[in-house]
Amino acid sequence: GIGDEPLTSTSFTLGRPGPNPTAAGIAVEYALPRDARVRISVQDVQGRTVAVLADGLERAGRRRATWGGRVGNTRASAGLYFLCYETPEGRIVRRFAVAH
């Protein structure tokens with residue numbers, strides 16, 4: 001796995017995004033215990049959504065999402081970002097940094 005935390009399919013889990021810090025984007029593993037509607041987004045420190053990695057009905061199991069480090073057509077600014085995993089059971093947030 002990417003992070004240190006074991007990902008199980010018995011609960012909604014989100015691994016640690018890596019590499020962290022990143023210069024060119026991140027990858028993250030996540031899991032769903034059942035088919036469910038989920039959303040994974042990247043937000044900046046102002047709370048603006050800069051990218052959506054998953055949005056909709058996903059099947060149970062382990063998944064992987066990636067973000068290419070871009071906001072629209074431009075490279076993301078250096079700084080702190082938040083990976084937000086919204087599930088029917090709540091929200092999981094992981095921090096990561098973009099460095100150039």
# chains A, B, ... in the order shown; residues from 1 in each chain; ligands from 1
call {"tool": "select_by_dssp", "arguments": {"residues": "chain A", "states": "strand (DSSP E)", "output": "VMD selection string"}}
result
chain A and resid 13 to 14 26 to 32 36 to 44 49 to 58 61 to 67 70 to 71 74 to 75 79 to 87 90 to 98
call {"tool": "write_last_selection", "arguments": {"atoms": "C-alpha atoms", "output": "PDB file, in the first residue's frame"}}
result
ATOM      1  CA  THR A  13     -10.904   3.970   4.777  1.00  0.00           C
ATOM      2  CA  LEU A  14      -8.504   6.359   3.112  1.00  0.00           C
ATOM      3  CA  ILE A  26      -0.371  12.166  -5.620  1.00  0.00           C
ATOM      4  CA  ALA A  27      -1.891   8.724  -5.528  1.00  0.00           C
ATOM      5  CA  VAL A  28      -4.063   7.383  -2.728  1.00  0.00           C
ATOM      6  CA  GLU A  29      -5.792   4.119  -1.963  1.00  0.00           C
ATOM      7  CA  TYR A  30      -9.269   3.986  -0.489  1.00  0.00           C
ATOM      8  CA  ALA A  31     -11.744   1.279   0.409  1.00  0.00           C
ATOM      9  CA  LEU A  32     -15.502   0.790   0.592  1.00  0.00           C
ATOM     10  CA  ALA A  36     -21.900   3.365  -2.010  1.00  0.00           C
ATOM     11  CA  ARG A  37     -21.943   6.882  -3.369  1.00  0.00           C
ATOM     12  CA  VAL A  38     -18.660   8.567  -2.494  1.00  0.00           C
ATOM     13  CA  ARG A  39     -16.700  11.667  -3.451  1.00  0.00           C
ATOM     14  CA  ILE A  40     -12.973  12.270  -3.273  1.00  0.00           C
ATOM     15  CA  SER A  41     -11.792  15.818  -3.816  1.00  0.00           C
ATOM     16  CA  VAL A  42      -8.693  17.947  -3.383  1.00  0.00           C
ATOM     17  CA  GLN A  43      -9.214  21.252  -1.585  1.00  0.00           C
ATOM     18  CA  ASP A  44      -6.881  24.165  -0.995  1.00  0.00           C
ATOM     19  CA  THR A  49     -12.289  22.342  -4.474  1.00  0.00           C
ATOM     20  CA  VAL A  50      -9.438  22.254  -6.977  1.00  0.00           C
ATOM     21  CA  ALA A  51      -9.982  18.709  -8.282  1.00  0.00           C
ATOM     22  CA  VAL A  52     -12.513  15.864  -8.028  1.00  0.00           C
ATOM     23  CA  LEU A  53     -10.963  12.389  -8.191  1.00  0.00           C
ATOM     24  CA  ALA A  54     -14.114  10.319  -7.711  1.00  0.00           C
ATOM     25  CA  ASP A  55     -17.760  11.256  -7.534  1.00  0.00           C
ATOM     26  CA  GLY A  56     -20.588   8.773  -7.705  1.00  0.00           C
ATOM     27  CA  LEU A  57     -21.502   5.194  -7.051  1.00  0.00           C
ATOM     28  CA  GLU A  58     -18.466   2.997  -6.433  1.00  0.00           C
ATOM     29  CA  GLY A  61     -13.560  -3.046  -2.405  1.00  0.00           C
ATOM     30  CA  ARG A  62     -10.233  -1.288  -2.647  1.00  0.00           C
ATOM     31  CA  ARG A  63      -9.715   1.516  -5.122  1.00  0.00           C
ATOM     32  CA  ARG A  64      -6.959   3.909  -6.136  1.00  0.00           C
ATOM     33  CA  ALA A  65      -7.296   7.562  -7.084  1.00  0.00           C
ATOM     34  CA  THR A  66      -4.679   9.887  -8.537  1.00  0.00           C
ATOM     35  CA  TRP A  67      -4.304  13.638  -8.873  1.00  0.00           C
ATOM     36  CA  ARG A  70      -2.948  20.484 -11.683  1.00  0.00           C
ATOM     37  CA  VAL A  71      -5.674  23.052 -11.078  1.00  0.00           C
ATOM     38  CA  THR A  74      -2.015  25.143 -14.588  1.00  0.00           C
ATOM     39  CA  ARG A  75       0.253  23.480 -12.079  1.00  0.00           C
ATOM     40  CA  GLY A  79       1.332  24.880  -0.301  1.00  0.00           C
ATOM     41  CA  LEU A  80      -0.923  22.758   1.836  1.00  0.00           C
ATOM     42  CA  TYR A  81      -3.847  20.808   0.358  1.00  0.00           C
ATOM     43  CA  PHE A  82      -6.496  18.497   1.754  1.00  0.00           C
ATOM     44  CA  LEU A  83      -7.717  15.217   0.301  1.00  0.00           C
ATOM     45  CA  CYS A  84     -11.380  14.787   1.326  1.00  0.00           C
ATOM     46  CA  TYR A  85     -13.166  11.430   1.193  1.00  0.00           C
ATOM     47  CA  GLU A  86     -16.910  11.871   1.665  1.00  0.00           C
ATOM     48  CA  THR A  87     -18.833   8.680   2.425  1.00  0.00           C
ATOM     49  CA  GLY A  90     -18.837  10.642   7.279  1.00  0.00           C
ATOM     50  CA  ARG A  91     -15.815  12.477   5.978  1.00  0.00           C
ATOM     51  CA  ILE A  92     -12.131  11.555   6.130  1.00  0.00           C
ATOM     52  CA  VAL A  93      -9.529  14.239   5.470  1.00  0.00           C
ATOM     53  CA  ARG A  94      -5.794  13.838   4.830  1.00  0.00           C
ATOM     54  CA  ARG A  95      -3.317  16.700   4.484  1.00  0.00           C
ATOM     55  CA  PHE A  96      -0.518  16.834   1.956  1.00  0.00           C
ATOM     56  CA  ALA A  97       1.879  19.440   0.630  1.00  0.00           C
ATOM     57  CA  VAL A  98       2.782  20.548  -2.865  1.00  0.00           C
TER      58      VAL A  98
END
call {"tool": "atom_distance", "arguments": {"atom1": "atom CA of Pro19 of chain A", "atom2": "atom CA of Ser77 of chain A"}}
result
16.3 Å
call {"tool": "atom_distance", "arguments": {"atom1": "atom CA of Pro21 of chain A", "atom2": "atom CA of Pro33 of chain A"}}
result
29.2 Å
call {"tool": "atom_distance", "arguments": {"atom1": "atom CA of Asn73 of chain A", "atom2": "atom CA of Arg16 of chain A"}}
result
25.5 Å
call {"tool": "closest_residue", "arguments": {"among": "A:Asp35, A:Arg59, A:Gly69, A:Gly47", "to": "Gly18 of chain A", "atoms": "only C-alpha atoms"}}
result
A:Gly69
call {"tool": "decode", "arguments": {"residues": "segment 15-29 of chain A", "atoms": "all heavy atoms", "output": "PDB file, in the first residue's frame"}}
result
ATOM      1  N   GLY A  15      -6.202   5.827   2.628  1.00  0.00           N
ATOM      2  CA  GLY A  15      -4.774   5.750   2.921  1.00  0.00           C
ATOM      3  C   GLY A  15      -4.142   7.128   2.927  1.00  0.00           C
ATOM      4  O   GLY A  15      -4.788   8.140   2.688  1.00  0.00           O
ATOM      5  N   ARG A  16      -2.850   7.148   3.178  1.00  0.00           N
ATOM      6  CA  ARG A  16      -2.120   8.416   3.130  1.00  0.00           C
ATOM      7  C   ARG A  16      -1.751   8.728   1.685  1.00  0.00           C
ATOM      8  O   ARG A  16      -1.215   7.876   0.996  1.00  0.00           O
ATOM      9  CB  ARG A  16      -0.849   8.312   3.958  1.00  0.00           C
ATOM     10  CG  ARG A  16      -1.116   8.364   5.451  1.00  0.00           C
ATOM     11  CD  ARG A  16       0.174   8.689   6.179  1.00  0.00           C
ATOM     12  NE  ARG A  16      -0.113   8.913   7.598  1.00  0.00           N
ATOM     13  CZ  ARG A  16      -0.013   7.969   8.521  1.00  0.00           C
ATOM     14  NH1 ARG A  16       0.345   6.751   8.185  1.00  0.00           N
ATOM     15  NH2 ARG A  16      -0.263   8.244   9.784  1.00  0.00           N
ATOM     16  N   PRO A  17      -2.009   9.966   1.249  1.00  0.00           N
ATOM     17  CA  PRO A  17      -1.610  10.335  -0.108  1.00  0.00           C
ATOM     18  C   PRO A  17      -0.093  10.391  -0.220  1.00  0.00           C
ATOM     19  O   PRO A  17       0.586  10.807   0.718  1.00  0.00           O
ATOM     20  CB  PRO A  17      -2.249  11.715  -0.310  1.00  0.00           C
ATOM     21  CG  PRO A  17      -2.520  12.238   1.059  1.00  0.00           C
ATOM     22  CD  PRO A  17      -2.685  11.046   1.957  1.00  0.00           C
ATOM     23  N   GLY A  18       0.420   9.958  -1.344  1.00  0.00           N
ATOM     24  CA  GLY A  18       1.859  10.001  -1.510  1.00  0.00           C
ATOM     25  C   GLY A  18       2.218  10.221  -2.967  1.00  0.00           C
ATOM     26  O   GLY A  18       1.399   9.982  -3.856  1.00  0.00           O
ATOM     27  N   PRO A  19       3.395  10.675  -3.269  1.00  0.00           N
ATOM     28  CA  PRO A  19       4.388  11.079  -2.260  1.00  0.00           C
ATOM     29  C   PRO A  19       3.971  12.379  -1.572  1.00  0.00           C
ATOM     30  O   PRO A  19       3.202  13.156  -2.128  1.00  0.00           O
ATOM     31  CB  PRO A  19       5.655  11.293  -3.092  1.00  0.00           C
ATOM     32  CG  PRO A  19       5.161  11.656  -4.460  1.00  0.00           C
ATOM     33  CD  PRO A  19       3.880  10.875  -4.639  1.00  0.00           C
ATOM     34  N   ASN A  20       4.466  12.587  -0.387  1.00  0.00           N
ATOM     35  CA  ASN A  20       4.114  13.775   0.392  1.00  0.00           C
ATOM     36  C   ASN A  20       5.365  14.265   1.111  1.00  0.00           C
ATOM     37  O   ASN A  20       5.873  13.542   1.949  1.00  0.00           O
ATOM     38  CB  ASN A  20       3.022  13.426   1.399  1.00  0.00           C
ATOM     39  CG  ASN A  20       2.521  14.654   2.152  1.00  0.00           C
ATOM     40  OD1 ASN A  20       2.792  15.786   1.777  1.00  0.00           O
ATOM     41  ND2 ASN A  20       1.818  14.421   3.232  1.00  0.00           N
ATOM     42  N   PRO A  21       5.873  15.456   0.773  1.00  0.00           N
ATOM     43  CA  PRO A  21       5.332  16.414  -0.204  1.00  0.00           C
ATOM     44  C   PRO A  21       5.517  15.932  -1.641  1.00  0.00           C
ATOM     45  O   PRO A  21       6.317  15.041  -1.893  1.00  0.00           O
ATOM     46  CB  PRO A  21       6.135  17.683   0.063  1.00  0.00           C
ATOM     47  CG  PRO A  21       7.408  17.212   0.658  1.00  0.00           C
ATOM     48  CD  PRO A  21       7.067  15.962   1.429  1.00  0.00           C
ATOM     49  N   THR A  22       4.750  16.541  -2.526  1.00  0.00           N
ATOM     50  CA  THR A  22       4.784  16.161  -3.930  1.00  0.00           C
ATOM     51  C   THR A  22       5.104  17.360  -4.812  1.00  0.00           C
ATOM     52  O   THR A  22       4.807  18.488  -4.437  1.00  0.00           O
ATOM     53  CB  THR A  22       3.438  15.556  -4.365  1.00  0.00           C
ATOM     54  OG1 THR A  22       3.541  15.150  -5.730  1.00  0.00           O
ATOM     55  CG2 THR A  22       2.290  16.541  -4.241  1.00  0.00           C
ATOM     56  N   ALA A  23       5.695  17.096  -5.956  1.00  0.00           N
ATOM     57  CA  ALA A  23       5.898  18.149  -6.947  1.00  0.00           C
ATOM     58  C   ALA A  23       5.035  17.900  -8.177  1.00  0.00           C
ATOM     59  O   ALA A  23       4.843  18.791  -8.990  1.00  0.00           O
ATOM     60  CB  ALA A  23       7.367  18.215  -7.343  1.00  0.00           C
ATOM     61  N   ALA A  24       4.506  16.682  -8.310  1.00  0.00           N
ATOM     62  CA  ALA A  24       3.825  16.335  -9.560  1.00  0.00           C
ATOM     63  C   ALA A  24       2.545  15.537  -9.359  1.00  0.00           C
ATOM     64  O   ALA A  24       2.115  14.833 -10.249  1.00  0.00           O
ATOM     65  CB  ALA A  24       4.784  15.550 -10.452  1.00  0.00           C
ATOM     66  N   GLY A  25       1.932  15.638  -8.199  1.00  0.00           N
ATOM     67  CA  GLY A  25       0.673  14.931  -7.984  1.00  0.00           C
ATOM     68  C   GLY A  25       0.814  13.801  -6.986  1.00  0.00           C
ATOM     69  O   GLY A  25       1.905  13.480  -6.532  1.00  0.00           O
ATOM     70  N   ILE A  26      -0.321  13.201  -6.646  1.00  0.00           N
ATOM     71  CA  ILE A  26      -0.371  12.166  -5.620  1.00  0.00           C
ATOM     72  C   ILE A  26      -1.204  10.982  -6.089  1.00  0.00           C
ATOM     73  O   ILE A  26      -1.989  11.085  -7.018  1.00  0.00           O
ATOM     74  CB  ILE A  26      -0.994  12.700  -4.304  1.00  0.00           C
ATOM     75  CG1 ILE A  26      -2.373  13.329  -4.581  1.00  0.00           C
ATOM     76  CG2 ILE A  26      -0.070  13.679  -3.611  1.00  0.00           C
ATOM     77  CD1 ILE A  26      -3.315  13.250  -3.434  1.00  0.00           C
ATOM     78  N   ALA A  27      -1.020   9.885  -5.392  1.00  0.00           N
ATOM     79  CA  ALA A  27      -1.891   8.724  -5.528  1.00  0.00           C
ATOM     80  C   ALA A  27      -2.346   8.346  -4.126  1.00  0.00           C
ATOM     81  O   ALA A  27      -1.628   8.564  -3.144  1.00  0.00           O
ATOM     82  CB  ALA A  27      -1.157   7.562  -6.181  1.00  0.00           C
ATOM     83  N   VAL A  28      -3.546   7.796  -4.031  1.00  0.00           N
ATOM     84  CA  VAL A  28      -4.063   7.383  -2.728  1.00  0.00           C
ATOM     85  C   VAL A  28      -4.948   6.163  -2.919  1.00  0.00           C
ATOM     86  O   VAL A  28      -5.630   6.026  -3.935  1.00  0.00           O
ATOM     87  CB  VAL A  28      -4.842   8.540  -2.050  1.00  0.00           C
ATOM     88  CG1 VAL A  28      -6.115   8.872  -2.818  1.00  0.00           C
ATOM     89  CG2 VAL A  28      -5.159   8.211  -0.597  1.00  0.00           C
ATOM     90  N   GLU A  29      -4.906   5.277  -1.956  1.00  0.00           N
ATOM     91  CA  GLU A  29      -5.792   4.119  -1.963  1.00  0.00           C
ATOM     92  C   GLU A  29      -6.937   4.374  -0.998  1.00  0.00           C
ATOM     93  O   GLU A  29      -6.763   5.030   0.033  1.00  0.00           O
ATOM     94  CB  GLU A  29      -5.023   2.862  -1.545  1.00  0.00           C
ATOM     95  CG  GLU A  29      -3.975   2.454  -2.568  1.00  0.00           C
ATOM     96  CD  GLU A  29      -3.202   1.218  -2.154  1.00  0.00           C
ATOM     97  OE1 GLU A  29      -3.262   0.835  -0.964  1.00  0.00           O
ATOM     98  OE2 GLU A  29      -2.542   0.641  -3.018  1.00  0.00           O
TER      99      GLU A  29
END
